[in-house]
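This report concerns only the one structure given below.
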Amino acid sequence: MKGYEPVMSFGEDVAQMYRDRGDEIAAVAFLEQLAGPGPALELAIGTGRIALPLAARGIRVDGVDISPAMVDQLHAKPGGDQLSVTLGDFADVPVLGTYRLIFVVWNTLFNLLTQDDQVRCFENVAAHLTDDGSFVVEVFVPAFLYRLRHHQHVEAEAIAVDEVRLDVLRHDAATQRLEESHVSLSRAGVRLHPVVQRYAWPSELDLMARIAGLRLKGRWGGWDRAPFNASSSVHVSVYGR
Ligand SMILES: C[S@@+](CC[C@H](N)C(=O)[O-])C[C@H]1O[C@@H](n2cnc3c(N)ncnc32)[C@H](O)[C@@H]1O
């Protein structure tokens with residue numbers, strides 16, 4: 001998508017609409033177990049959907065994010081001003097020190113748009129993990145791409161008298177990129193919410209981990225530790241030394 005920058009997907013309007021997804025309790029329980037006494041670092045912390053309830057369990061949680069609008073929302077929430085957040089690109093892991101737990105959830109690893117950036121992220125994570133530390137990645141499994149016709153997808157997300165919302169997506173198999181826009185049509189005009197992702201299969205992520213000196217320690221089909229199998233649409237993967 002020519003002219004696209006990841007920060008465009010997380011401006012003021014998106015930050016203000018950002019809500020819980022419903023998996024927060026299970027995700028926090030899963031992460032708390034691995035964090036031990038902490039500290040923990042969330043890559044792409046956003047508005048603190050996961051970081052705030054994890055910090056409320058008594059664990060120090062730091063964060064990295066590229067969007068000032070998302071971080072402003074985090075800081076405005078109760079307890080949000082207690083968290084140390086670095087503005088920057090999470091592929092760089094631009095923080096000091098080491099962490100018992102580093103995590104990146106909700107498909108956000110795929111917001112790094114090249115294989116190089118994703119490998120760089122794994123390498124920088126490895127440099128900031130304690131020897132017994134864990135790196136947790138939650139992303140979708142790209143198997144749904146097999147069902148696309150002509151590498152495209154359009155869905156009517158909502159049809160109301162005063163607004164129609166469409167999800168428009170195109171797949172580029174050569175770059176492993178998904179170019180998507182959520183389009184709102186209403187009397188107020190047309191609003192576009194573009195987002196681009198570079199997906200990877202679980203096996204490619206495992207190789208990235210090995211390049212970074214990490215290995216897969218466990219993989220589940222969700223935060224509830226459902227087994228990972230051919231029907232899984234997401235995976236929660238834990239890497240360590
Ligand atoms: C889908 S949201 C997830 C936020 C939060 N982790 C959660 O689960 O609610 C993705 C977040 O990633 C951030 N982001 C995207 N690309 C980034 C990058 N290269 N470096 C740092 N943050 C990035 C966005 O600003 C946004 O806050």
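As shown in the structure tokens, the chain order sets the letters A, B, ...; within each chain, residues go from 1, and ligands are also counted from 1 in the order they appear.
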Discussion item. Residues near region 62-69 of chain A, anyone? I mean within 9 Å using only C-alpha atoms, not counting same-chain ones fewer than 2 positions away, as a ChimeraX atom specification.
Written reply: /A:6-8,10-16,39-48,51,60,71-74,83-90,93-95
Practice prompt. Enumerate as an MDAnalysis selection string all residues of region 45-231 of chain A assigned to strand (DSSP E) by DSSP on the backbone, naming them with the chain letters and numbers the document uses.
Written response: chainID A and resid 61:65 85:87 99:104 129:140 152:159 163:172 177:186 189:198 215:220
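Among the candidates A:Ile50, A:Ala212, A:Ile102, A:Leu145, the one nearest to Gln176 (chain A) when counting only C-alpha atoms is A:Leu145.
Proximity ranking of A:Asp117, A:Asp20, A:Glu180, A:Glu138 relative to Trp220 (chain A) places A:Glu138 first, based on only C-alpha atoms.
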Worksheet, complete the sentence: Correct to one decimal, the distance CA of Val164 (chain A)-CA of Lys2 (chain A) is 25.2 Å
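The coordinates place atom 12 (O, counted along the ligand's line) of ligand 1 at 27.4 Å from CA of Ala230 (chain A).
Once Thr108 (chain A) and its same-chain neighbours fewer than 3 positions away are set aside, A:Ala44, A:Val104, A:Val105, A:Asn111, A:Leu112, A:Val139 remain within 8 Å of it when counting only C-alpha atoms.
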Please dump the current selection as an mmCIF file, in the first residue's frame; keep C-alpha atoms.
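Printed below is selection_28.cif as written:
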data_model
loop_
_atom_site.group_PDB
_atom_site.id
_atom_site.type_symbol
_atom_site.label_atom_id
_atom_site.label_comp_id
_atom_site.auth_asym_id
_atom_site.auth_seq_id
_atom_site.Cartn_x
_atom_site.Cartn_y
_atom_site.Cartn_z
ATOM 1 C CA ALA A 44 3.294 -2.532 21.266
ATOM 2 C CA VAL A 104 3.659 -9.125 21.881
ATOM 3 C CA VAL A 105 -0.028 -9.965 21.445
ATOM 4 C CA ASN A 111 2.772 -5.150 11.974
ATOM 5 C CA LEU A 112 6.505 -5.387 11.254
ATOM 6 C CA VAL A 139 -0.676 -14.198 16.302
#
